[in-house]
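This is final_16.txt (compact mmCIF, C-alpha atoms).
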```
# COMPACT_ATOMS: atom_id res chain seq x y z
CA MET A 1 18.50 -44.59 -11.12
CA PRO A 2 15.28 -46.03 -12.49
CA VAL A 3 12.38 -47.15 -10.35
CA LYS A 4 12.90 -50.89 -9.83
CA THR A 5 9.60 -52.12 -8.47
CA PHE A 6 5.91 -51.25 -8.74
CA VAL A 7 3.57 -53.25 -6.54
CA THR A 8 -0.18 -53.03 -6.08
CA PRO A 9 -1.15 -54.34 -2.62
CA ALA A 10 -4.62 -55.66 -1.90
CA SER A 11 -5.11 -53.77 1.38
CA PRO A 12 -3.74 -50.84 3.39
CA ALA A 13 -2.15 -53.25 5.88
CA GLU A 14 -0.40 -55.06 3.02
CA ALA A 15 0.76 -51.72 1.64
CA VAL A 16 2.35 -50.73 4.96
CA ARG A 17 3.99 -54.14 5.30
CA ALA A 18 5.45 -53.76 1.81
CA MET A 19 6.78 -50.31 2.69
CA HIS A 20 8.46 -51.59 5.87
CA ASP A 21 9.85 -54.77 4.29
CA HIS A 22 11.15 -53.55 0.95
CA PRO A 23 14.80 -52.42 0.92
CA GLY A 24 15.71 -49.07 -0.57
CA ARG A 25 13.78 -45.82 -0.80
CA GLY A 26 10.10 -46.21 -1.44
CA ALA A 27 6.96 -44.15 -1.73
CA TYR A 28 3.23 -44.68 -1.77
CA LEU A 29 1.78 -43.69 -5.12
CA ALA A 30 -1.80 -42.53 -5.54
CA GLY A 31 -2.33 -39.95 -8.28
CA GLY A 32 1.36 -39.28 -8.85
CA THR A 33 0.91 -35.64 -9.85
CA ASP A 34 3.41 -34.49 -7.21
CA LEU A 35 5.55 -37.62 -7.10
CA LEU A 36 6.34 -37.65 -10.81
CA CYS A 37 7.65 -34.08 -10.60
CA GLN A 38 10.25 -35.12 -8.05
CA ARG A 39 13.84 -36.00 -8.87
CA PRO A 40 15.06 -38.61 -8.33
CA LEU A 41 12.16 -41.04 -8.28
CA PRO A 42 12.18 -43.61 -5.46
CA ASP A 43 13.55 -47.14 -5.82
CA PHE A 44 10.14 -48.71 -5.40
CA LEU A 45 6.53 -47.62 -5.57
CA ILE A 46 3.53 -48.97 -3.72
CA ASN A 47 0.41 -48.29 -5.75
CA VAL A 48 -2.43 -47.40 -3.39
CA ARG A 49 -4.61 -45.71 -6.00
CA PRO A 50 -7.08 -48.64 -6.30
CA LEU A 51 -7.53 -48.68 -2.51
CA LEU A 52 -9.14 -46.04 -0.31
CA CYS A 53 -11.17 -44.22 -2.97
CA GLY A 54 -14.39 -44.06 -1.03
CA LEU A 55 -16.31 -40.90 -0.21
CA SER A 56 -18.94 -41.28 2.48
CA VAL A 57 -20.93 -39.64 5.22
CA ASP A 58 -20.65 -41.56 8.47
CA GLY A 59 -22.83 -40.45 11.35
CA GLY A 60 -22.65 -36.79 10.37
CA ASP A 61 -18.93 -36.89 9.58
CA VAL A 62 -17.63 -36.55 6.05
CA VAL A 63 -15.01 -39.21 5.25
CA LEU A 64 -12.71 -38.70 2.27
CA GLY A 65 -10.70 -41.76 1.24
CA ALA A 66 -7.07 -40.79 0.78
CA SER A 67 -7.03 -42.04 -2.82
CA ALA A 68 -10.22 -40.27 -3.82
CA THR A 69 -9.41 -37.98 -6.72
CA LEU A 70 -10.05 -34.27 -6.40
CA GLY A 71 -12.32 -34.50 -9.44
CA ALA A 72 -14.44 -37.11 -7.67
CA ILE A 73 -14.67 -34.87 -4.59
CA GLU A 74 -15.60 -31.89 -6.77
CA ASP A 75 -18.45 -33.88 -8.33
CA TRP A 76 -19.68 -35.50 -5.11
CA PRO A 77 -23.24 -34.29 -4.47
CA GLU A 78 -23.34 -35.27 -0.80
CA LEU A 79 -20.70 -32.70 0.10
CA ALA A 80 -23.23 -29.88 -0.38
CA GLY A 81 -24.15 -28.23 2.90
CA ARG A 82 -21.55 -30.18 4.87
CA ASP A 83 -18.37 -28.14 4.33
CA GLY A 84 -19.50 -24.52 4.04
CA GLY A 85 -18.56 -24.61 0.36
CA LEU A 86 -14.85 -24.75 1.26
CA LEU A 87 -13.70 -27.78 -0.71
CA GLY A 88 -15.37 -26.71 -3.95
CA ALA A 89 -13.91 -23.21 -3.63
CA CYS A 90 -10.46 -24.69 -3.04
CA LEU A 91 -10.59 -27.17 -5.90
CA ALA A 92 -11.80 -24.62 -8.45
CA ASN A 93 -8.28 -23.15 -8.53
CA PHE A 94 -6.29 -26.36 -8.01
CA GLY A 95 -4.25 -27.17 -11.12
CA SER A 96 -6.61 -27.97 -13.96
CA ARG A 97 -9.49 -30.41 -14.17
CA HIS A 98 -7.10 -32.78 -15.94
CA VAL A 99 -4.81 -32.68 -12.92
CA ARG A 100 -7.76 -33.04 -10.55
CA ASN A 101 -8.84 -36.19 -12.38
CA MET A 102 -5.61 -37.75 -11.11
CA ALA A 103 -4.53 -35.93 -7.95
CA THR A 104 -5.74 -37.16 -4.56
CA VAL A 105 -6.49 -35.59 -1.20
CA GLY A 106 -4.06 -38.01 0.48
CA GLY A 107 -1.29 -37.05 -1.90
CA ASN A 108 -1.76 -33.34 -1.33
CA LEU A 109 -1.67 -33.73 2.45
CA ALA A 110 1.17 -36.28 2.54
CA HIS A 111 3.36 -34.13 0.31
CA ALA A 112 2.88 -31.50 3.00
CA VAL A 113 4.16 -28.38 1.34
CA PRO A 114 3.31 -25.29 3.44
CA SER A 115 1.07 -24.11 0.60
CA ALA A 116 -0.88 -27.39 0.33
CA ASP A 117 -4.22 -26.07 -0.88
CA LEU A 118 -6.40 -28.79 0.62
CA ALA A 119 -4.83 -28.44 4.05
CA LEU A 120 -6.50 -25.08 4.56
CA PRO A 121 -10.18 -25.99 4.15
CA LEU A 122 -9.52 -29.20 6.07
CA LEU A 123 -7.85 -27.32 8.94
CA ALA A 124 -10.77 -24.90 9.05
CA LEU A 125 -13.10 -27.92 9.11
CA GLU A 126 -11.05 -29.40 11.99
CA ALA A 127 -10.36 -32.59 10.08
CA SER A 128 -8.55 -35.61 11.45
CA CYS A 129 -6.34 -38.08 9.61
CA GLN A 130 -6.71 -41.85 9.71
CA ILE A 131 -3.37 -43.56 9.45
CA GLN A 132 -2.52 -47.22 8.90
CA GLY A 133 0.64 -48.22 10.72
CA ALA A 134 2.50 -51.49 11.08
CA LYS A 135 0.63 -52.17 14.34
CA GLY A 136 -2.82 -50.91 13.43
CA VAL A 137 -4.85 -47.80 12.76
CA ARG A 138 -4.64 -44.45 14.55
CA GLU A 139 -6.27 -41.05 14.22
CA VAL A 140 -4.32 -37.77 14.33
CA PRO A 141 -5.84 -34.27 14.18
CA LEU A 142 -4.80 -32.58 10.96
CA GLU A 143 -3.38 -29.72 13.00
CA SER A 144 -0.81 -32.15 14.44
CA PHE A 145 -0.23 -33.98 11.16
CA PHE A 146 2.24 -31.51 9.64
CA THR A 147 5.58 -31.24 11.42
CA GLY A 148 7.56 -29.09 8.98
CA PRO A 149 7.95 -28.33 5.28
CA ARG A 150 7.29 -31.65 3.48
CA GLN A 151 7.29 -33.39 6.85
CA THR A 152 4.44 -35.20 8.52
CA VAL A 153 3.91 -37.70 11.32
CA LEU A 154 3.54 -40.49 8.73
CA GLY A 155 7.06 -41.94 8.51
CA LYS A 156 6.49 -45.20 6.64
CA ASP A 157 2.82 -45.30 7.53
CA LEU A 158 -0.08 -44.75 5.14
CA LEU A 159 -2.69 -42.02 5.31
CA THR A 160 -5.95 -43.83 4.61
CA ALA A 161 -8.68 -41.22 5.09
CA VAL A 162 -9.51 -37.71 6.22
CA ARG A 163 -12.61 -37.13 8.31
CA PHE A 164 -14.36 -33.94 9.44
CA PRO A 165 -17.68 -33.19 11.15
CA SER A 166 -20.36 -31.61 8.97
CA VAL A 167 -20.48 -27.87 9.59
CA ALA A 168 -23.24 -26.21 11.60
CA ALA A 169 -26.22 -25.02 9.59
CA GLY A 170 -25.54 -21.59 8.13
CA ALA A 171 -21.75 -21.87 8.33
CA ARG A 172 -20.12 -20.05 5.45
CA GLY A 173 -16.63 -20.68 4.11
CA ALA A 174 -14.28 -18.88 1.79
CA PHE A 175 -11.01 -19.95 0.17
CA LEU A 176 -8.68 -17.47 -1.50
CA LYS A 177 -5.34 -17.96 -3.17
CA VAL A 178 -2.85 -15.72 -4.93
CA CYS A 179 -0.66 -17.49 -7.44
CA HIS A 180 1.31 -16.70 -10.58
CA ASN A 181 -0.92 -18.57 -13.03
CA PRO A 182 -4.40 -19.99 -12.47
CA GLY A 183 -4.16 -23.28 -10.66
CA ALA A 184 -0.49 -22.90 -9.77
CA ILE A 185 1.18 -23.21 -6.38
CA ALA A 186 0.08 -20.46 -4.03
CA HIS A 187 2.14 -17.46 -3.01
CA VAL A 188 -0.30 -17.31 -0.10
CA ASN A 189 -3.61 -19.13 0.43
CA VAL A 190 -6.22 -18.87 3.18
CA ALA A 191 -9.46 -20.53 4.21
CA ALA A 192 -12.03 -19.04 6.56
CA LEU A 193 -15.20 -20.51 8.03
CA LEU A 194 -17.67 -18.39 10.00
CA THR A 195 -20.90 -19.32 11.76
CA LEU A 196 -23.11 -16.44 12.81
CA GLN A 197 -26.14 -16.12 15.02
CA ASP A 198 -28.09 -12.86 15.11
CA GLY A 199 -25.09 -10.97 13.77
CA THR A 200 -22.67 -12.46 16.30
CA VAL A 201 -19.83 -14.75 15.30
CA THR A 202 -20.33 -18.03 17.13
CA THR A 203 -17.50 -19.92 15.41
CA ALA A 204 -14.52 -18.53 13.53
CA ARG A 205 -11.84 -20.65 11.92
CA ILE A 206 -9.01 -19.24 9.85
CA ALA A 207 -6.28 -21.30 8.19
CA LEU A 208 -3.17 -19.85 6.52
CA GLY A 209 -0.90 -21.44 3.93
CA ALA A 210 2.57 -20.66 2.62
CA VAL A 211 3.38 -18.29 5.49
CA ALA A 212 4.86 -20.74 8.01
CA PRO A 213 6.75 -24.05 7.95
CA THR A 214 3.36 -25.79 7.84
CA PRO A 215 -0.23 -24.76 7.12
CA ILE A 216 -1.50 -23.17 10.37
CA ARG A 217 -4.59 -21.92 12.14
CA ALA A 218 -4.73 -18.25 13.12
CA ARG A 219 -6.02 -18.90 16.65
CA GLN A 220 -5.60 -15.38 18.00
CA ALA A 221 -7.63 -13.93 15.14
CA GLU A 222 -10.31 -16.58 15.68
CA ALA A 223 -10.56 -15.87 19.40
CA TYR A 224 -10.83 -12.15 18.68
CA LEU A 225 -13.84 -12.74 16.43
CA GLU A 226 -15.76 -15.33 18.42
CA GLY A 227 -18.57 -14.13 20.62
CA ASN A 228 -18.52 -10.68 19.06
CA PRO A 229 -20.53 -8.85 16.43
CA ALA A 230 -19.36 -9.39 12.86
CA LYS A 231 -18.50 -5.82 11.89
CA GLY A 232 -16.12 -4.43 9.29
CA LYS A 233 -13.57 -2.98 11.73
CA ARG A 234 -13.43 -6.24 13.66
CA LEU A 235 -12.73 -8.16 10.46
CA GLN A 236 -9.86 -5.81 9.64
CA ARG A 237 -8.40 -6.25 13.10
CA ALA A 238 -8.78 -10.03 12.84
CA ALA A 239 -6.98 -9.97 9.50
CA ALA A 240 -4.13 -8.00 11.09
CA LEU A 241 -3.94 -10.55 13.92
CA ALA A 242 -3.84 -13.38 11.38
CA ALA A 243 -1.05 -11.67 9.47
CA GLY A 244 0.76 -11.34 12.77
CA ALA A 245 0.65 -15.13 13.14
CA ALA A 246 2.41 -15.54 9.82
CA GLN A 247 6.18 -16.12 9.63
CA PRO A 248 6.67 -15.94 5.86
CA ILE A 249 9.94 -16.49 4.03
CA SER A 250 11.24 -15.09 0.76
CA ASP A 251 11.62 -17.58 -2.08
CA GLN A 252 11.44 -17.73 -5.87
CA ARG A 253 7.71 -17.03 -5.76
CA ALA A 254 7.42 -14.06 -3.43
CA SER A 255 9.22 -12.02 -0.79
CA ALA A 256 8.45 -12.39 2.90
CA ALA A 257 7.13 -8.83 3.01
CA TYR A 258 4.74 -9.42 0.11
CA ARG A 259 3.52 -12.69 1.62
CA GLY A 260 2.87 -10.99 4.97
CA HIS A 261 0.93 -8.26 3.21
CA LEU A 262 -1.04 -10.75 1.08
CA CYS A 263 -1.91 -12.79 4.16
CA GLY A 264 -3.68 -9.85 5.80
CA VAL A 265 -5.46 -8.88 2.61
CA LEU A 266 -6.66 -12.41 1.83
CA VAL A 267 -7.90 -13.05 5.37
CA ARG A 268 -9.87 -9.81 5.37
CA ARG A 269 -11.38 -10.61 1.97
CA ALA A 270 -12.16 -14.18 3.01
CA LEU A 271 -13.92 -13.01 6.17
CA GLU A 272 -15.90 -10.43 4.21
CA GLN A 273 -16.85 -13.11 1.70
CA CYS A 274 -18.08 -15.34 4.52
CA LEU A 275 -20.21 -12.49 5.86
CA ARG A 276 -21.70 -11.75 2.48
CA GLY A 277 -22.38 -15.42 1.90
CA ASP A 278 -20.78 -15.38 -1.58
CA ALA A 279 -19.53 -18.70 -2.87
CA MET B 1 17.06 -58.57 -3.22
CA SER B 2 17.44 -58.37 -6.99
CA THR B 3 18.67 -55.08 -8.40
CA ALA B 4 17.03 -55.75 -11.74
CA VAL B 5 14.28 -53.48 -12.95
CA GLN B 6 10.88 -55.16 -12.86
CA LYS B 7 9.28 -55.97 -16.19
CA ILE B 8 5.58 -55.14 -16.29
CA GLU B 9 3.08 -56.43 -18.82
CA LEU B 10 0.55 -53.66 -19.23
CA SER B 11 -2.85 -54.88 -20.45
CA ILE B 12 -4.61 -51.89 -21.84
CA THR B 13 -7.23 -50.95 -24.40
CA ILE B 14 -6.19 -48.10 -26.70
CA ASN B 15 -8.76 -46.67 -29.09
CA GLY B 16 -10.86 -49.78 -28.74
CA ARG B 17 -8.03 -52.23 -29.39
CA ASP B 18 -6.82 -54.54 -26.57
CA GLN B 19 -3.04 -54.52 -26.34
CA THR B 20 -0.19 -55.61 -24.13
CA LEU B 21 2.71 -53.22 -23.72
CA ASP B 22 6.00 -54.06 -22.01
CA VAL B 23 6.77 -51.25 -19.61
CA THR B 24 9.05 -50.58 -16.65
CA PRO B 25 7.95 -49.28 -13.24
CA GLY B 26 9.24 -45.74 -13.72
CA GLN B 27 8.07 -45.33 -17.29
CA ARG B 28 5.55 -42.59 -17.87
CA LEU B 29 2.33 -43.33 -19.71
CA SER B 30 3.23 -40.61 -22.22
CA ASP B 31 6.48 -42.40 -23.02
CA ALA B 32 4.84 -45.82 -23.32
CA LEU B 33 2.15 -44.47 -25.64
CA ARG B 34 4.61 -42.66 -27.89
CA ARG B 35 6.84 -45.73 -28.13
CA ALA B 36 3.76 -47.75 -29.08
CA GLY B 37 3.27 -45.35 -32.00
CA TYR B 38 0.71 -42.89 -30.60
CA LEU B 39 2.65 -39.77 -31.51
CA GLY B 40 -0.38 -37.55 -31.10
CA VAL B 41 0.44 -37.71 -27.38
CA LYS B 42 2.88 -34.81 -27.08
CA VAL B 43 5.46 -34.17 -24.41
CA GLY B 44 5.76 -30.44 -23.79
CA CYS B 45 6.87 -30.08 -20.20
CA ASN B 46 6.79 -33.38 -18.25
CA THR B 47 5.48 -31.44 -15.25
CA GLY B 48 1.75 -31.36 -15.93
CA ASP B 49 1.73 -27.67 -16.80
CA CYS B 50 1.20 -27.57 -20.59
CA GLY B 51 -1.51 -30.19 -21.10
CA THR B 52 -0.25 -31.39 -24.50
CA CYS B 53 0.00 -34.98 -23.25
CA THR B 54 -3.76 -35.13 -22.59
CA VAL B 55 -5.43 -38.47 -23.26
CA LEU B 56 -8.81 -39.79 -22.17
CA LEU B 57 -8.64 -42.55 -19.58
CA ASP B 58 -12.00 -44.26 -19.10
CA GLY B 59 -13.45 -41.14 -20.75
CA GLN B 60 -11.77 -38.63 -18.39
CA PRO B 61 -9.04 -36.26 -19.55
CA ILE B 62 -5.74 -36.92 -17.75
CA LEU B 63 -2.12 -35.93 -18.24
CA ALA B 64 -0.10 -38.89 -19.50
CA CYS B 65 3.19 -37.29 -18.42
CA LEU B 66 2.10 -37.40 -14.78
CA MET B 67 0.93 -40.99 -14.83
CA LEU B 68 3.08 -44.06 -14.82
CA ALA B 69 2.22 -46.57 -17.52
CA ALA B 70 1.81 -49.19 -14.79
CA GLN B 71 -0.99 -47.14 -13.23
CA ALA B 72 -3.04 -47.59 -16.42
CA GLN B 73 -3.31 -51.36 -15.97
CA GLY B 74 -6.68 -52.48 -17.30
CA ALA B 75 -7.72 -49.02 -18.44
CA ALA B 76 -9.39 -47.92 -21.67
CA LEU B 77 -7.57 -45.02 -23.31
CA THR B 78 -8.51 -42.74 -26.16
CA THR B 79 -5.84 -40.82 -28.03
CA ILE B 80 -6.32 -38.42 -30.92
CA GLU B 81 -5.58 -41.28 -33.29
CA GLY B 82 -8.79 -42.95 -32.13
CA LEU B 83 -11.22 -40.19 -33.01
CA ALA B 84 -11.54 -40.33 -36.77
CA ARG B 85 -13.34 -43.27 -38.41
CA GLY B 86 -11.13 -43.80 -41.45
CA PRO B 87 -11.50 -40.64 -43.54
CA LYS B 88 -14.45 -39.42 -41.47
CA LEU B 89 -13.29 -36.90 -38.86
CA HIS B 90 -14.89 -36.39 -35.46
CA PRO B 91 -17.16 -33.28 -35.48
CA ILE B 92 -14.73 -31.51 -33.14
CA GLN B 93 -11.86 -32.17 -35.55
CA GLU B 94 -14.01 -30.84 -38.43
CA ALA B 95 -14.92 -27.74 -36.44
CA PHE B 96 -11.26 -27.07 -35.56
CA LEU B 97 -10.42 -27.13 -39.26
CA ASP B 98 -13.42 -25.04 -40.30
CA GLU B 99 -12.76 -22.39 -37.63
CA GLY B 100 -9.03 -22.11 -38.37
CA ALA B 101 -8.22 -23.33 -34.86
CA VAL B 102 -5.10 -25.26 -35.90
CA GLN B 103 -1.87 -23.28 -36.31
CA CYS B 104 1.25 -25.21 -35.40
CA GLY B 105 -0.98 -28.08 -34.30
CA PHE B 106 1.12 -29.15 -31.32
CA CYS B 107 -1.58 -28.56 -28.73
CA THR B 108 -4.44 -29.55 -31.02
CA PRO B 109 -4.76 -33.21 -29.97
CA ALA B 110 -5.01 -32.14 -26.33
CA MET B 111 -7.61 -29.46 -27.06
CA VAL B 112 -9.70 -31.79 -29.20
CA LEU B 113 -9.65 -34.60 -26.64
CA SER B 114 -10.51 -32.18 -23.84
CA GLY B 115 -13.42 -31.01 -25.98
CA VAL B 116 -14.58 -34.59 -26.55
CA ALA B 117 -14.76 -35.14 -22.80
CA LEU B 118 -16.54 -31.80 -22.25
CA LEU B 119 -19.24 -32.43 -24.85
CA GLU B 120 -19.78 -35.97 -23.63
CA ALA B 121 -20.55 -34.64 -20.14
CA ASN B 122 -22.17 -31.39 -21.23
CA PRO B 123 -23.48 -31.29 -24.81
CA ASP B 124 -24.48 -27.63 -24.56
CA PRO B 125 -21.62 -25.78 -22.90
CA SER B 126 -21.49 -22.03 -22.43
CA GLU B 127 -18.58 -20.08 -23.85
CA ALA B 128 -17.16 -19.82 -20.32
CA GLN B 129 -17.29 -23.59 -19.97
CA ALA B 130 -15.63 -24.09 -23.37
CA ARG B 131 -12.92 -21.64 -22.29
CA GLU B 132 -12.39 -23.40 -19.00
CA CYS B 133 -12.07 -26.73 -20.78
CA LEU B 134 -9.39 -25.39 -23.11
CA SER B 135 -7.53 -23.56 -20.34
CA ALA B 136 -5.98 -26.89 -19.32
CA THR B 137 -3.89 -26.76 -22.52
CA LEU B 138 -1.25 -24.10 -23.17
CA CYS B 139 -1.41 -22.70 -26.70
CA ARG B 140 1.15 -20.19 -27.91
CA CYS B 141 -0.31 -19.70 -31.39
CA THR B 142 -4.02 -19.12 -31.50
CA GLY B 143 -4.91 -16.94 -28.53
CA TYR B 144 -7.68 -19.50 -27.93
CA GLU B 145 -10.31 -17.54 -29.90
CA ALA B 146 -10.71 -19.97 -32.78
CA PRO B 147 -10.46 -23.10 -30.59
CA VAL B 148 -13.24 -21.80 -28.30
CA ARG B 149 -15.40 -21.07 -31.35
CA ALA B 150 -14.63 -24.54 -32.68
CA ILE B 151 -15.84 -26.24 -29.50
CA LEU B 152 -19.09 -24.29 -29.60
CA THR B 153 -19.55 -24.91 -33.32
CA ALA B 154 -18.96 -28.63 -32.81
CA ALA B 155 -21.46 -28.67 -29.94
CA ARG B 156 -24.08 -27.02 -32.13
CA ARG B 157 -23.46 -29.41 -35.00
CA MET B 158 -23.52 -32.48 -32.79
CA LYS B 159 -26.79 -31.36 -31.26
CA ASP B 160 -28.33 -30.68 -34.66
CA ALA B 161 -27.24 -34.10 -35.90
CA LYS B 162 -29.28 -35.83 -33.18
```

I'd like the structure from this file rewritten - as structure tokens, please.
Amino acid sequence: MPVKTFVTPASPAEAVRAMHDHPGRGAYLAGGTDLLCQRPLPDFLINVRPLLCGLSVDGGDVVLGASATLGAIEDWPELAGRDGGLLGACLANFGSRHVRNMATVGGNLAHAVPSADLALPLLALEASCQIQGAKGVREVPLESFFTGPRQTVLGKDLLTAVRFPSVAAGARGAFLKVCHNPGAIAHVNVAALLTLQDGTVTTARIALGAVAPTPIRARQAEAYLEGNPAKGKRLQRAAALAAGAAQPISDQRASAAYRGHLCGVLVRRALEQCLRGDA
Amino acid sequence: MSTAVQKIELSITINGRDQTLDVTPGQRLSDALRRAGYLGVKVGCNTGDCGTCTVLLDGQPILACLMLAAQAQGAALTTIEGLARGPKLHPIQEAFLDEGAVQCGFCTPAMVLSGVALLEANPDPSEAQARECLSATLCRCTGYEAPVRAILTAARRMKDAK
């Protein structure tokens, strides 16, 4: 069945009204790089690409408009020093630059696959989601945003922006991904963010992808690291704890056993990379 | 509500020429362009993996198979057909020929357009940057060696011409 209607609303509120009012199955369309790979296409499309493209720093918080393209985020100079290098590291292996010129942060999060690359840096950065509903705007922590594979709290509402506080000075992030071809969907992906003071870990955040029904934080591993010296053996133990938090499945990309193994390896490498301060 | 499919008038500039195309909501940009005669836009996968549908939209390389025609409302597109000026080829096209970088030719429009965007943003790319640019396009013939050389040769020639 072909798509019947394509509308371009003038505001997020109008977009949400259109979604609630229009009969049939509809979807918000930003970049379309995920949506156009789906079969069948919806009955109607609400084009939100011209809205919500802004990138800004607001009182120390970074605000990413949901329709901002990944290419625009990659090129945005004001991100430097505010995210521990996490977003750039993530985007370097996200599809191709051609894809990133179209794909959006809102689309990646709203599609909500467990391996959503952008979810991991944003979880490590403790981002929150701004959502336009029929009755107004609300904010939901990203950690509560995903409710299952391809499921979020959105319903018919519209994700309008993602916001996170700038990282502490000296915070170092790492993003690692194993996938079949460069830029492809991850078998496993992880993000880590460490802040150190005099050799002691003051903040540790570890996010895991593709090893649970949603992207998750490895809280036990984080707690193990925080307040303690950043030493090799501790990183290994933290990686093992993180792998213990994983509940991977077997699918066409990888077996559960391989995913569990990869998870531990990638977390250890990510933590080591944070310590070294490599990009 | 009507069950008819919406008719959309797409106002778009292609290779410098303002046009209006009649498209439907679910029609891909790649399909609309090919039906309008721009056969240099190839369809290799329809999933954004092969890159052969690459066109420049407002100067940026995008994948026409992953964009709906309706999303290109008001945009300025460049396809491979827009590069040559009559018999005079673009320096990147010349370099591709001189370096033997065209075998079957299916991926060539995408590689050339990607190169146009690269050299516009970065007139003096490294080999690694030329490689990265071309990695967005899958090529089964050349092994990428000659195309990478062609990008660097074109860059050199374009710099020398200034």

Per-axis box centre and lengths in Å around region 117-134 of chain A, 6 Å margin per side, axis-aligned, as lines of an AutoDock Vina configuration file:
```
center_x = -5.3
center_y = -38.2
center_z = 5.6
size_x = 27.6
size_y = 38.6
size_z = 24.9
```

Need to verify the contact set: His111 (chain A), 8 Å, only C-alpha atoms, exclusion of same-chain residues closer than 2 positions in sequence. Can you return it as a ChimeraX atom specification? /A:34,107-109,113,116,150-151

What is the CA of Ala243 (chain A)-CA of Arg217 (chain A) distance in Å, reported with one decimal?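 Answer for the CA of Ala243 (chain A) to CA of Arg217 (chain A) separation: 11.2 Å.
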
Which residues of chain B come within 9 Å of chain A, and for each one, what is the closest pair of atoms and their distance in Å to one decimal, counting all atoms listed in the file, sorted by chain and residue number, as CSV?
```
residue,atom,partner,partner_atom,distance
B:Met1,CA,A:Pro23,CA,7.8
B:Thr3,CA,A:Lys4,CA,7.3
B:Ala4,CA,A:Lys4,CA,6.7
B:Val5,CA,A:Lys4,CA,4.3
B:Gln6,CA,A:Thr5,CA,5.5
B:Lys7,CA,A:Thr5,CA,8.6
B:Ile8,CA,A:Phe6,CA,8.5
B:Thr24,CA,A:Lys4,CA,7.8
B:Pro25,CA,A:Phe6,CA,5.3
B:Gly26,CA,A:Val3,CA,4.8
B:Gln27,CA,A:Val3,CA,8.4
B:Arg28,CA,A:Leu36,CA,8.7
B:Asn46,CA,A:Cys37,CA,7.7
B:Thr47,CA,A:Cys37,CA,5.8
B:Gly48,CA,A:Val99,CA,7.3
B:Asp49,CA,A:Gly95,CA,8.3
B:Gly51,CA,A:His98,CA,8.0
B:Thr54,CA,A:His98,CA,7.8
B:Gln60,CA,A:Asn101,CA,7.1
B:Pro61,CA,A:His98,CA,5.4
B:Ile62,CA,A:His98,CA,4.7
B:Leu63,CA,A:His98,CA,6.3
B:Cys65,CA,A:Leu36,CA,8.2
B:Leu66,CA,A:Thr33,CA,5.4
B:Met67,CA,A:Gly32,CA,6.2
B:Leu68,CA,A:Gly32,CA,7.8
B:Ala70,CA,A:Phe6,CA,7.6
B:Gln71,CA,A:Asn47,CA,7.7
B:Ser114,CA,A:His98,CA,8.6
B:Glu132,CA,A:Ser96,CA,8.9
B:Cys133,CA,A:Arg97,CA,8.0
B:Ser135,CA,A:Ser96,CA,7.8
B:Ala136,CA,A:Ser96,CA,5.5
```

Hey, what's within 10 Å of Gln19 (chain B) if we count only C-alpha atoms and toss same-chain stuff fewer than 4 positions away? As a list in words, please? Glu9, Leu10, Ser11, Ile12, Thr13, Ile14, Ala36 and Gly74 of chain B

Give me the residues near Val201 (chain A) as a ChimeraX atom specification, where near means some atom within 9 Å (using all atoms listed in the file) and where sequence neighbours in that chain fewer than 6 positions away do not count. /A:194-195,225-230

Between CA of Phe96 (chain B) and CA of Ala150 (chain B), measure the distance and give it in Å to one decimal. 5.1 Å

Can you list, as number ranges by chain, every protein, DNA or RNA residue that comes within 7 Å of Ser67 (chain A) when you count all atoms listed in the file, leaving out same-chain residues fewer than 2 positions away? A: 30, 49, 51-53, 65, 69, 104-106

Set the distance at 9 Å and use all atoms listed in the file: which residues neighbour region 258-272 of chain A once local chain neighbours fewer than 5 positions away are removed? I'd like the list as number ranges by chain. A: 173-178, 187-194, 206-211, 232, 235-244, 246-250, 277

Could you state the separation of CA of Cys274 (chain A) and CA of Asp58 (chain A) in Å, given to one decimal place? 26.6 Å

Could you check which residues have any atom within 12 Å of (-10.0, -23.1, -26.9), counting all atoms listed in the file with coordinates taken straight from the file, and then list them as a PyMOL selection string? chain B and resi 92+95-96+99-102+107-115+118+127-153

For Gly54 (chain A), which of A:Ala254, A:Leu86, A:His20, A:Ala161 is the closest residue, counting only C-alpha atoms?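 Among A:Ala254, A:Leu86, A:His20, A:Ala161, it is A:Ala161 that comes nearest to Gly54 (chain A).
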
Given all atoms listed in the file as the basis, pick out the residue of A:Asp83, A:Asp21, A:Glu74, A:Asp117 nearest to Thr214 (chain A). A:Asp117
